[in-house]
Amino acid sequence: MPSLVDSSPTGSSHQPQKSGLLRVLRNYRFPLFILAGVVIGAIIGLVFGERATVIKPFGTLFINMMFTLVVPLVFFSIASAVAGMSSAKRLGKILGGMLGVFAVTGIIASVVMIAALWMTKATEGVQVEMTQPDDVEDVGSIGDQLVSTFVVDDFSKILSAEHMLALIVFAVIVGIATSKIGEAGRPCAQFLNSGSEVFLKFTSIIMYYAPIGLGAYFAALIGELGAQLVGDYVRAFLVYYPVAIVYFILAFTLYAFFAGGRRGVTRFWGNIIEPTAISLGTSSSVAAIPANLRAGERIGVPRDVRETIIPIGATIHMEGSSLSAILKISFLFAVFGRDFFTPGNILIGVAVALLAGMVMAGIPSGGFIGELMIITLYGFPAAALPIIQIIGTVIDPPATTVNSVGDQASSMMVARILDGKDWMDQEEDARATSAEARADTTSADQT
């Protein structure tokens with residue numbers, strides 16, 4: 001390995017430092033292009049305001065391509081990962097570790113927001129004019145909602161991002177069925193694996209347009225939301241954004257350190273820019289799935305872990321939603337002159353936040369059901385509903401970003417729990433073995 005210390009007679013170290021900087025820029029040039037596009041777009045939105053929406057179609061083009069890609073990518077990724085698992089026991093461990101990590105991180109997020117609100121007294125003296133909602137959406141019974149969460153009544157409905165959990169269940173069963181029939185299922189397993197590789201490459205192709213698409217989308221987003229961030233709800237904005245940023249930096253750094261020590265932290269922050277930019281710009285965890293899967297592969301998360309947890313996490317793991325649920329509850333208590341900071345109210349708040357961040361998030365109209373649950377559990381009138389809906393709109397971009405990036409941190413922690421502290425080394429060894437096998441196959445074919 002070449003030394004980074006200059007061994008020339010003059011002893012100058014300028015050239016190695018320069019080459020090191022160039023190497024960093026070369027390795028991270030694409031994430032830096034995306035970040036630059038986002039920053040330029042935000043500046044355009046701030047400068048031109050609503051006039052910036054004229055370039056929104058360029059952003060919508062990118063978003064639509066991502067949403068078109070996500071359904072086949074999720075299906076092939078999960079089905080091929082499950083079909084390739086050595087045993088059903090491995091799948092059970094992944095799912096068990098996933099649910100445990102999701103619950104713990106959701107509780108931590110809730111406690112962080114409670115502590116921030118208690119220390120800053122940020123919601124004291126809030127005054128918001130209330131209006132009775134014109135109509136309330138009929139979401140049916142909770143039993144019907146749960147059924148429609150996991151299954152649909154027609155195959156064509158599987159092919160939609162609106163039924164993501166049903167698609168995930170379908171993909172898992174396809175993978176299990178493929179694995180169970182042994183040799184007869186091998187052609188199908190190869191097809192699923194090939195499909196996964198094709199759509200990951202599809203993702204790579206689309207991402208070349210990401211700096212332009214995200215820049216245009218951010219310009220329109222900032223131009224449209226600028227007026228909403230002023231007025232009675234500015235306090236929610238001023239509370240949530242700093243807390244979300246602090247949680248994003250500190251909590252995810254700690255999670256990455258738990259997962260892989262210093263190397264885990266380095267890999268996490270070195271590969272998370274793409275999913276961060278996409279989730280922040282689109283306010284969609286689902287749209288960020290392809291970029292998150294790419295990031296997980298570069299980090300070294302085992303394939304079966306990342307291709308199971310990241311798609312599922314996009315629908316039922318919402319740390320940002322846990323943060324926002326606590327803020328909404330505290331905001332309503334302040335509006336109605338009640339004290340949120342009692343043991344009973346706090347415990348109910350944490351439970352509601354966990355349900356909103358895990359269970360309700362995966363149910364159709366789950367966000368609306370979560371908001372109704374907040375109102376009914378605490379006995380607020382129906383007029384309180386528009387208040388928390390507006391808060392949700394204002395804080396949606398950073399909440400979604402925390403949700404999406406949290407899926408990546410969770411996949412790393414599950415890998416640590418399942419495969420031990422050397423999980424990154426094991427994944428590197430597996431990649432090397434796979435590369436050697438492909439090289440041998442290519443050589444044999446040429447012979």
# chains A, B, ... in the order shown; residues from 1 in each chain; ligands from 1
>>> residues_around(residues="A:Ile78", least_positions_apart="3", cutoff="9 Å", atoms="only C-alpha atoms", output="ChimeraX atom specification")
/A:73-75,81-83,168,171-172,175,196,304,307-308,311
>>> write_last_selection(atoms="C-alpha atoms", output="compact mmCIF listing (two decimals), in the first residue's frame")
# COMPACT_ATOMS: atom_id res chain seq x y z
CA LEU A 73 -37.81 -3.23 -6.88
CA VAL A 74 -39.44 -4.02 -3.53
CA PHE A 75 -41.02 -7.21 -4.88
CA ALA A 81 -33.75 -12.26 -0.38
CA VAL A 82 -36.27 -14.61 1.28
CA ALA A 83 -35.82 -17.28 -1.41
CA ILE A 168 -44.36 -7.04 1.00
CA ALA A 171 -43.23 -11.00 -1.91
CA VAL A 172 -42.32 -12.80 1.33
CA GLY A 175 -39.85 -16.15 -1.60
CA SER A 196 -33.43 -7.60 -8.20
CA ASP A 304 -31.19 -10.46 3.37
CA GLU A 307 -33.75 -6.07 1.53
CA THR A 308 -36.18 -7.13 4.25
CA PRO A 311 -38.88 -1.85 2.43
>>> select_by_dssp(residues="stretch 55-199 of chain A", states="helix (DSSP H, G or I)", output="PyMOL selection string")
chain A and resi 55-83+88-120+142-150+155-158+161-180+182-199
>>> write_last_selection(atoms="C-alpha atoms", output="compact mmCIF listing (two decimals), in the first residue's frame")
# COMPACT_ATOMS: atom_id res chain seq x y z
CA ILE A 55 -39.60 24.27 -12.76
CA LYS A 56 -41.54 21.77 -10.65
CA PRO A 57 -42.22 19.45 -13.66
CA PHE A 58 -38.49 18.68 -13.83
CA GLY A 59 -38.70 17.50 -10.23
CA THR A 60 -41.97 15.65 -10.76
CA LEU A 61 -40.32 13.73 -13.60
CA PHE A 62 -37.72 12.34 -11.19
CA ILE A 63 -40.27 11.60 -8.45
CA ASN A 64 -42.58 9.77 -10.83
CA MET A 65 -39.73 7.61 -12.10
CA MET A 66 -38.82 6.68 -8.52
CA PHE A 67 -42.40 5.75 -7.66
CA THR A 68 -42.67 3.71 -10.87
CA LEU A 69 -39.51 1.84 -9.93
CA VAL A 70 -40.29 1.16 -6.29
CA VAL A 71 -42.98 -1.56 -6.67
CA PRO A 72 -40.97 -4.00 -8.84
CA LEU A 73 -37.81 -3.23 -6.88
CA VAL A 74 -39.44 -4.02 -3.53
CA PHE A 75 -41.02 -7.21 -4.88
CA PHE A 76 -37.86 -8.62 -6.46
CA SER A 77 -35.60 -7.51 -3.58
CA ILE A 78 -37.69 -9.08 -0.83
CA ALA A 79 -38.73 -12.20 -2.76
CA SER A 80 -35.15 -12.94 -3.86
CA ALA A 81 -33.75 -12.26 -0.38
CA VAL A 82 -36.27 -14.61 1.28
CA ALA A 83 -35.82 -17.28 -1.41
CA ALA A 88 -36.97 -19.85 7.83
CA LYS A 89 -35.27 -19.44 11.20
CA ARG A 90 -33.05 -16.71 9.72
CA LEU A 91 -36.11 -14.84 8.45
CA GLY A 92 -37.74 -15.11 11.87
CA LYS A 93 -34.65 -13.68 13.56
CA ILE A 94 -34.52 -10.77 11.12
CA LEU A 95 -38.18 -9.92 11.64
CA GLY A 96 -37.91 -10.30 15.42
CA GLY A 97 -34.81 -8.12 15.61
CA MET A 98 -36.43 -5.59 13.30
CA LEU A 99 -39.57 -5.19 15.44
CA GLY A 100 -37.50 -4.88 18.61
CA VAL A 101 -35.26 -2.19 17.12
CA PHE A 102 -38.25 -0.35 15.64
CA ALA A 103 -39.99 -0.27 19.04
CA VAL A 104 -36.90 0.89 20.95
CA THR A 105 -36.02 3.65 18.49
CA GLY A 106 -39.64 4.84 18.43
CA ILE A 107 -39.70 5.12 22.22
CA ILE A 108 -36.36 6.94 22.24
CA ALA A 109 -37.64 9.43 19.65
CA SER A 110 -40.77 10.07 21.72
CA VAL A 111 -38.77 10.64 24.91
CA VAL A 112 -36.42 13.03 23.08
CA MET A 113 -39.32 15.23 21.94
CA ILE A 114 -40.91 15.16 25.40
CA ALA A 115 -37.63 16.25 26.98
CA ALA A 116 -37.16 19.02 24.40
CA LEU A 117 -40.68 20.36 24.96
CA TRP A 118 -40.34 20.20 28.74
CA MET A 119 -36.98 22.03 28.78
CA THR A 120 -37.92 24.74 26.29
CA ILE A 142 -60.34 -1.09 12.53
CA GLY A 143 -60.81 -4.74 11.55
CA ASP A 144 -61.44 -3.81 7.92
CA GLN A 145 -58.44 -1.51 7.97
CA LEU A 146 -56.15 -4.22 9.34
CA VAL A 147 -57.30 -6.71 6.71
CA SER A 148 -56.78 -4.22 3.87
CA THR A 149 -53.31 -3.48 5.26
CA PHE A 150 -51.96 -6.96 4.62
CA PHE A 155 -53.85 -8.90 -7.93
CA SER A 156 -53.76 -5.62 -9.85
CA LYS A 157 -53.90 -3.71 -6.56
CA ILE A 158 -50.64 -5.32 -5.48
CA ALA A 161 -47.26 1.81 -3.84
CA GLU A 162 -50.52 2.52 -1.98
CA HIS A 163 -50.63 -1.13 -0.86
CA MET A 164 -46.98 -1.53 0.10
CA LEU A 165 -47.49 -3.84 3.07
CA ALA A 166 -49.70 -6.13 1.00
CA LEU A 167 -46.95 -6.19 -1.65
CA ILE A 168 -44.36 -7.04 1.00
CA VAL A 169 -46.48 -9.90 2.37
CA PHE A 170 -46.97 -11.20 -1.18
CA ALA A 171 -43.23 -11.00 -1.91
CA VAL A 172 -42.32 -12.80 1.33
CA ILE A 173 -44.72 -15.67 0.57
CA VAL A 174 -43.39 -15.94 -3.00
CA GLY A 175 -39.85 -16.15 -1.60
CA ILE A 176 -40.82 -18.80 0.96
CA ALA A 177 -42.68 -20.86 -1.65
CA THR A 178 -39.68 -20.66 -4.01
CA SER A 179 -37.33 -21.83 -1.26
CA LYS A 180 -39.58 -24.65 -0.08
CA GLY A 182 -36.09 -27.00 -3.65
CA GLU A 183 -34.62 -27.82 -7.06
CA ALA A 184 -37.86 -27.07 -8.90
CA GLY A 185 -37.78 -23.54 -7.52
CA ARG A 186 -34.20 -22.79 -8.57
CA PRO A 187 -35.13 -21.24 -11.96
CA CYS A 188 -37.63 -18.98 -10.20
CA ALA A 189 -35.01 -18.03 -7.57
CA GLN A 190 -32.57 -17.14 -10.35
CA PHE A 191 -35.29 -15.05 -12.02
CA LEU A 192 -36.02 -13.20 -8.77
CA ASN A 193 -32.34 -12.58 -8.15
CA SER A 194 -31.85 -11.36 -11.70
CA GLY A 195 -34.87 -9.08 -11.38
CA SER A 196 -33.43 -7.60 -8.20
CA GLU A 197 -30.12 -6.85 -9.93
CA VAL A 198 -31.88 -5.34 -12.96
CA PHE A 199 -33.96 -2.92 -10.91
>>> atom_distance(atom1="atom CA of A:Ala219", atom2="atom CA of A:Leu327")
27.1 Å
>>> residues_around(residues="stretch 337-347 of chain A", least_positions_apart="2", cutoff="10 Å", atoms="only C-alpha atoms", output="PyMOL selection string")
chain A and resi 110-111+114+117-118+124-127+326+329-335+349-353+377-378
>>> residues_around(residues="A:Arg294", least_positions_apart="5", cutoff="10 Å", atoms="only C-alpha atoms", output="number ranges by chain")
A: 200-201, 203-204, 271-272, 274-275, 289, 299, 306
>>> residues_around(residues="A:Gly49", least_positions_apart="2", cutoff="9 Å", atoms="only C-alpha atoms", output="list in words")
Ile44, Gly45, Leu46, Val47, Arg51, Ala52, Thr53, Ala219, Ala220, Ile222, Gly223, Glu224, Leu225, Gly226 and Ala227 of chain A
>>> closest_residue(among="A:Val301, A:Val394, A:Ile312, A:Leu354", to="A:Ala415", atoms="only C-alpha atoms")
A:Val301
